[in-house]
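Report on the following structure.
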Amino acid sequence: MGLAPFLRMSIAGADFLHVGQEMLAKAEHDSGDANQLMNLSTVMLCLGQRDLGLMIQDQALELNRVYHLAATVQPAKFRLLMLMVQGDLSANTPLDCLLENSDIDLDYYYVLPNTPLIAAIPEHDAVIVCIGESDENRDILNSLQQALAHWPKPVINAPQYIPATGRDAASVLLQDIPGLLIPLTLYAPRTTLQDIAEGQAGISELLGQCDFPFIVRPVDSQAGRDLDKINRPEDMASYLAKVNRAEFFLSRFVDYSGKDGLFRKIRIALIDGEAFACHMAVSSNWMVHYVNANMYEDAQKRHEEICFMEHFADFAYRHQSALEVVHQRTKLDYLCIDCAETRDGQLLVFEIDHAMVVHAMDPEHMFSYKQLHMQKVKNAFRDFLFRKVSMGSHDAVQCAP
């Protein structure tokens, strides 16, 4: 079933525990149903039961490595092969959320590290590499680069370009772009942070281009997990006392609040280099996430998002040259960007990634305006797929080194 129906249920406040219990009972009755196990794994991951969800996912993949999600609109007009990797909800591009209710068949193909394409390949019109950047996935991406080098169908998001979306790599790649600001992401082992906390060395002495205040997170942190702002050495000591990790990323904190003191975090999608609005969250907290920014409770914030989406062309025009360089440097066909605008008009980039969730599942009675704008994103991605195929077989070797 993919992620989309379960994410929709979660946003709507459905009783996930009850759903999980029902699905678990069915799985216990028929432990050989790979589809049922994969659905149960997704539910467990949505419930935050990561270890259990991944264990059930492993059981499903022992039975089958290829899963089919039929298009809602039949007959399907396109068959897209999605190369995936074992992992939690952030491990792969959740394309079924973007392509919900479309006429595109999706095949989920879970690859292996050393022999990535060992199972039979389903018929397809194009292949997209959905695997997110991580140290664990580096070998798989390298293997896929070789396997896809002379693929007979168009390859979207070629694997050799995906490592550039890592926090530290992206912060280097996107330096020195006029109108774009992205603080360098610096690696620091726990011992370095302990020295800072104990006052044995200043942060600028140890890490060069960083000083108080700065933000810190574990190297593999996603969705703001264990992310914090450090204003002084005492904050560092408190942080280390509650976060027992060995490796961290640090970056300079940029105050991107508006004149009213509120922070506005924007998600855009670049599809073949063209920018589209996905959402804007408004918060009094610098660490902005759409789900905790009170967008559901505050009509004024939703009104501001309406205005942003309706006038997104102005935003895209202001930052057109910077976004063009991002597209040129990353070389990714589909890429999402979490960003903001500084008071002096720069595009402040927090993160780039092709595995961010883009959807139109918020309650329509509150977010009716999103349907129109998210449909633009869906149409653009669909048009891009057909355009890739129509370019002919000469474009099918996109992945060649």
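Within each chain, counting starts at residue 1; across the structure tokens, chains are named A, B, ... in the order shown, with ligands numbered 1 upward in that order.
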
Q | 7 Å contact set for range 22-38 of chain A, only C-alpha atoms, chain neighbours under 4 positions out, as a ChimeraX atom specification | A | /A:18,42,56-57,60,63-64

File of the preceding selection, N, CA and C atoms, as an mmCIF file, in the first residue's frame:
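Just written: part.cif:
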```cif
data_model
loop_
_atom_site.group_PDB
_atom_site.id
_atom_site.type_symbol
_atom_site.label_atom_id
_atom_site.label_comp_id
_atom_site.auth_asym_id
_atom_site.auth_seq_id
_atom_site.Cartn_x
_atom_site.Cartn_y
_atom_site.Cartn_z
ATOM 1 N N HIS A 18 -4.947 0.744 16.954
ATOM 2 C CA HIS A 18 -5.970 -0.239 16.599
ATOM 3 C C HIS A 18 -5.674 -0.846 15.229
ATOM 4 N N THR A 42 5.287 -0.651 7.792
ATOM 5 C CA THR A 42 5.055 0.786 7.631
ATOM 6 C C THR A 42 4.244 1.345 8.790
ATOM 7 N N ILE A 56 10.147 -6.461 11.015
ATOM 8 C CA ILE A 56 9.068 -6.968 10.162
ATOM 9 C C ILE A 56 9.401 -6.703 8.688
ATOM 10 N N GLN A 57 10.006 -5.558 8.403
ATOM 11 C CA GLN A 57 10.416 -5.259 7.030
ATOM 12 C C GLN A 57 11.425 -6.297 6.530
ATOM 13 N N ALA A 60 9.622 -9.359 5.504
ATOM 14 C CA ALA A 60 8.960 -9.190 4.206
ATOM 15 C C ALA A 60 9.960 -9.316 3.060
ATOM 16 N N LEU A 63 11.009 -12.651 1.863
ATOM 17 C CA LEU A 63 10.021 -13.305 1.010
ATOM 18 C C LEU A 63 9.994 -12.714 -0.394
ATOM 19 N N ASN A 64 10.171 -11.400 -0.485
ATOM 20 C CA ASN A 64 10.046 -10.729 -1.782
ATOM 21 C C ASN A 64 10.787 -9.400 -1.736
#
```

**Q.** Residues near range 350-364 of chain A, cut-off 7 Å, only C-alpha atoms, skip fewer than 6 positions along chain, as a ChimeraX atom specification
**A.** /A:8,11,90,92-94,97-98,130,132,165,167,182,278,334-339,370-371,374

Counting only C-alpha atoms, what is within 9 Å of range 73-83 of chain A, bar same-chain residues fewer than 6 positions away, as a short mmCIF file (atom, residue, chain, number, x, y, z; two decimals) with C-alpha atoms, in the first residue's frame?
```
data_model
loop_
_atom_site.label_atom_id
_atom_site.label_comp_id
_atom_site.auth_asym_id
_atom_site.auth_seq_id
_atom_site.Cartn_x
_atom_site.Cartn_y
_atom_site.Cartn_z
CA ASN A 92 13.80 6.50 0.57
CA THR A 93 11.90 9.03 -1.53
CA LEU A 95 7.01 9.14 -4.21
CA ASN A 101 -4.36 9.31 -7.15
CA SER A 102 -2.26 9.37 -10.31
CA ASP A 103 -2.13 7.19 -13.43
CA ILE A 104 1.42 5.97 -12.71
CA ASP A 105 2.16 2.40 -11.65
CA LEU A 106 4.94 2.14 -9.05
CA ASP A 107 7.22 -0.84 -8.52
CA TYR A 108 9.30 -0.83 -5.32
CA TYR A 109 12.54 -2.70 -5.89
CA TYR A 110 14.61 -3.18 -2.71
CA VAL A 111 18.27 -3.52 -3.64
CA ILE A 121 13.36 -6.50 -13.14
CA PRO A 122 9.72 -5.53 -13.72
CA GLU A 123 8.80 -3.91 -17.02
CA HIS A 124 9.14 -0.14 -16.69
CA ASP A 125 9.31 3.11 -18.65
CA ALA A 126 11.90 4.77 -16.39
CA VAL A 127 13.84 4.06 -13.20
CA ILE A 128 14.35 6.45 -10.29
CA VAL A 129 16.90 6.03 -7.53
CA CYS A 130 14.96 6.74 -4.32
CA ILE A 131 17.73 5.78 -1.90
CA ARG A 382 4.27 13.56 -14.28
CA LEU A 385 8.51 11.57 -16.57
CA PHE A 386 6.86 11.60 -19.99
#
```

Q: Please provide the set of residues having any atom within 10 Å of Met9 in chain A, restricted to only C-alpha atoms, with same-chain residues fewer than 5 positions apart removed, written as a PyMOL selection string.
A: chain A and resi 4+14-16+19+361

Q | Near-Val219 in chain A list (7 Å; only C-alpha atoms; drop same-chain fewer than 6 positions) as a PyMOL selection string | A | chain A and resi 247-249

Q | Which residue of A:Cys307, A:Asn294, A:Ser284, A:Leu184 approaches Tyr369 in chain A most closely, using only C-alpha atoms | A |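 Ranking A:Cys307, A:Asn294, A:Ser284, A:Leu184 by distance to Tyr369 in chain A, first place goes to A:Cys307.
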
Q. Hey, what does DSSP flag as strand (DSSP E) within range 23-224 of chain A? Can you give it to me as a PyMOL selection string?
A. chain A and resi 66-69+78-84+104-110+126-129+155-156+180-181+185-189+214-218

Grab the residues selected above and save them as an mmCIF file, in the first residue's frame with N, CA and C atoms.
```
data_model
loop_
_atom_site.group_PDB
_atom_site.id
_atom_site.type_symbol
_atom_site.label_atom_id
_atom_site.label_comp_id
_atom_site.auth_asym_id
_atom_site.auth_seq_id
_atom_site.Cartn_x
_atom_site.Cartn_y
_atom_site.Cartn_z
ATOM 1 N N VAL A 66 10.452 -7.211 -4.477
ATOM 2 C CA VAL A 66 9.774 -6.338 -5.433
ATOM 3 C C VAL A 66 8.300 -6.258 -5.053
ATOM 4 N N TYR A 67 7.771 -5.017 -4.985
ATOM 5 C CA TYR A 67 6.379 -4.785 -4.588
ATOM 6 C C TYR A 67 5.730 -3.852 -5.593
ATOM 7 N N HIS A 68 4.497 -4.147 -5.926
ATOM 8 C CA HIS A 68 3.773 -3.384 -6.949
ATOM 9 C C HIS A 68 2.662 -2.560 -6.319
ATOM 10 N N LEU A 69 2.604 -1.289 -6.666
ATOM 11 C CA LEU A 69 1.525 -0.407 -6.232
ATOM 12 C C LEU A 69 0.842 0.121 -7.487
ATOM 13 N N PHE A 78 1.937 5.072 -17.198
ATOM 14 C CA PHE A 78 3.388 5.076 -17.008
ATOM 15 C C PHE A 78 3.742 4.049 -15.942
ATOM 16 N N ARG A 79 4.905 3.402 -16.134
ATOM 17 C CA ARG A 79 5.387 2.420 -15.160
ATOM 18 C C ARG A 79 6.749 2.902 -14.665
ATOM 19 N N LEU A 80 6.807 3.236 -13.376
ATOM 20 C CA LEU A 80 8.027 3.786 -12.788
ATOM 21 C C LEU A 80 8.640 2.776 -11.826
ATOM 22 N N LEU A 81 9.884 2.413 -12.079
ATOM 23 C CA LEU A 81 10.620 1.494 -11.211
ATOM 24 C C LEU A 81 11.386 2.307 -10.178
ATOM 25 N N MET A 82 11.102 2.075 -8.890
ATOM 26 C CA MET A 82 11.710 2.819 -7.790
ATOM 27 C C MET A 82 12.720 1.929 -7.082
ATOM 28 N N LEU A 83 13.984 2.311 -7.127
ATOM 29 C CA LEU A 83 15.029 1.543 -6.441
ATOM 30 C C LEU A 83 15.114 2.025 -5.000
ATOM 31 N N MET A 84 14.904 1.100 -4.070
ATOM 32 C CA MET A 84 14.771 1.406 -2.652
ATOM 33 C C MET A 84 15.821 0.649 -1.855
ATOM 34 N N ILE A 104 0.065 6.515 -12.619
ATOM 35 C CA ILE A 104 1.418 5.972 -12.712
ATOM 36 C C ILE A 104 1.558 4.751 -11.817
ATOM 37 N N ASP A 105 1.870 3.616 -12.412
ATOM 38 C CA ASP A 105 2.161 2.398 -11.650
ATOM 39 C C ASP A 105 3.541 2.519 -11.012
ATOM 40 N N LEU A 106 3.668 2.090 -9.755
ATOM 41 C CA LEU A 106 4.945 2.137 -9.049
ATOM 42 C C LEU A 106 5.375 0.719 -8.680
ATOM 43 N N ASP A 107 6.632 0.413 -8.971
ATOM 44 C CA ASP A 107 7.220 -0.842 -8.523
ATOM 45 C C ASP A 107 8.377 -0.527 -7.577
ATOM 46 N N TYR A 108 8.276 -1.019 -6.350
ATOM 47 C CA TYR A 108 9.297 -0.826 -5.321
ATOM 48 C C TYR A 108 10.292 -1.981 -5.418
ATOM 49 N N TYR A 109 11.515 -1.670 -5.744
ATOM 50 C CA TYR A 109 12.543 -2.697 -5.885
ATOM 51 C C TYR A 109 13.604 -2.449 -4.807
ATOM 52 N N TYR A 110 13.672 -3.327 -3.816
ATOM 53 C CA TYR A 110 14.614 -3.176 -2.705
ATOM 54 C C TYR A 110 15.939 -3.840 -3.072
ATOM 55 N N ALA A 126 10.758 4.029 -16.936
ATOM 56 C CA ALA A 126 11.904 4.772 -16.393
ATOM 57 C C ALA A 126 12.207 4.223 -15.014
ATOM 58 N N VAL A 127 13.426 4.498 -14.535
ATOM 59 C CA VAL A 127 13.836 4.065 -13.202
ATOM 60 C C VAL A 127 14.290 5.295 -12.426
ATOM 61 N N ILE A 128 13.918 5.358 -11.154
ATOM 62 C CA ILE A 128 14.346 6.448 -10.291
ATOM 63 C C ILE A 128 15.040 5.876 -9.069
ATOM 64 N N VAL A 129 16.176 6.449 -8.724
ATOM 65 C CA VAL A 129 16.898 6.028 -7.526
ATOM 66 C C VAL A 129 16.334 6.809 -6.346
ATOM 67 N N VAL A 155 17.158 7.061 -16.595
ATOM 68 C CA VAL A 155 17.497 6.970 -15.171
ATOM 69 C C VAL A 155 17.307 8.343 -14.546
ATOM 70 N N ILE A 156 16.505 8.421 -13.486
ATOM 71 C CA ILE A 156 16.206 9.677 -12.794
ATOM 72 C C ILE A 156 16.940 9.678 -11.458
ATOM 73 N N LEU A 180 22.674 33.146 -2.091
ATOM 74 C CA LEU A 180 22.357 31.938 -1.319
ATOM 75 C C LEU A 180 23.302 31.833 -0.139
ATOM 76 N N LEU A 181 22.750 31.526 1.024
ATOM 77 C CA LEU A 181 23.523 31.360 2.249
ATOM 78 C C LEU A 181 23.290 29.972 2.808
ATOM 79 N N THR A 185 28.601 22.873 7.408
ATOM 80 C CA THR A 185 28.329 21.845 8.404
ATOM 81 C C THR A 185 29.650 21.165 8.744
ATOM 82 N N LEU A 186 29.994 21.200 10.018
ATOM 83 C CA LEU A 186 31.293 20.721 10.468
ATOM 84 C C LEU A 186 31.144 19.467 11.318
ATOM 85 N N TYR A 187 32.032 18.528 11.101
ATOM 86 C CA TYR A 187 32.021 17.282 11.879
ATOM 87 C C TYR A 187 32.777 17.478 13.186
ATOM 88 N N ALA A 188 32.236 16.909 14.269
ATOM 89 C CA ALA A 188 32.923 16.990 15.560
ATOM 90 C C ALA A 188 32.663 15.705 16.349
ATOM 91 N N PRO A 189 33.708 15.023 16.812
ATOM 92 C CA PRO A 189 33.515 13.878 17.710
ATOM 93 C C PRO A 189 33.103 14.366 19.090
ATOM 94 N N PHE A 214 25.600 28.167 17.952
ATOM 95 C CA PHE A 214 25.629 27.212 16.849
ATOM 96 C C PHE A 214 24.597 26.123 17.118
ATOM 97 N N ILE A 215 24.284 25.391 16.082
ATOM 98 C CA ILE A 215 23.333 24.290 16.235
ATOM 99 C C ILE A 215 24.098 22.972 16.135
ATOM 100 N N VAL A 216 23.623 21.983 16.870
ATOM 101 C CA VAL A 216 24.288 20.693 16.933
ATOM 102 C C VAL A 216 23.258 19.586 16.794
ATOM 103 N N ARG A 217 23.675 18.506 16.187
ATOM 104 C CA ARG A 217 22.818 17.317 16.037
ATOM 105 C C ARG A 217 23.718 16.108 15.822
ATOM 106 N N PRO A 218 23.249 14.899 16.166
ATOM 107 C CA PRO A 218 24.013 13.696 15.828
ATOM 108 C C PRO A 218 24.137 13.555 14.310
#
```

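Here CA of Val325 in chain A and CA of Val389 in chain A stand 25.0 Å from one another.
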
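The space between CA of Asn379 in chain A and CA of Phe276 in chain A spans 10.9 Å.
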
Q | Selected residue, from A:Lys153, A:Met236, A:Gly179, A:Glu304, that lies nearest to Thr191 in chain A when counting only C-alpha atoms | A |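 Of the candidates, the smallest distance to Thr191 in chain A is held by A:Met236.
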
Q | Given only C-alpha atoms as the counted atoms, nearest of A:Asp168, A:Leu54, A:Asp220, A:Asp195 to Ser134 in chain A | A |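 Counting only C-alpha atoms, the residue closest to Ser134 in chain A is A:Asp220.
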
Q | Separation of CA of Arg138 in chain A from CA of Leu61 in chain A in Å | A | 20.3 Å
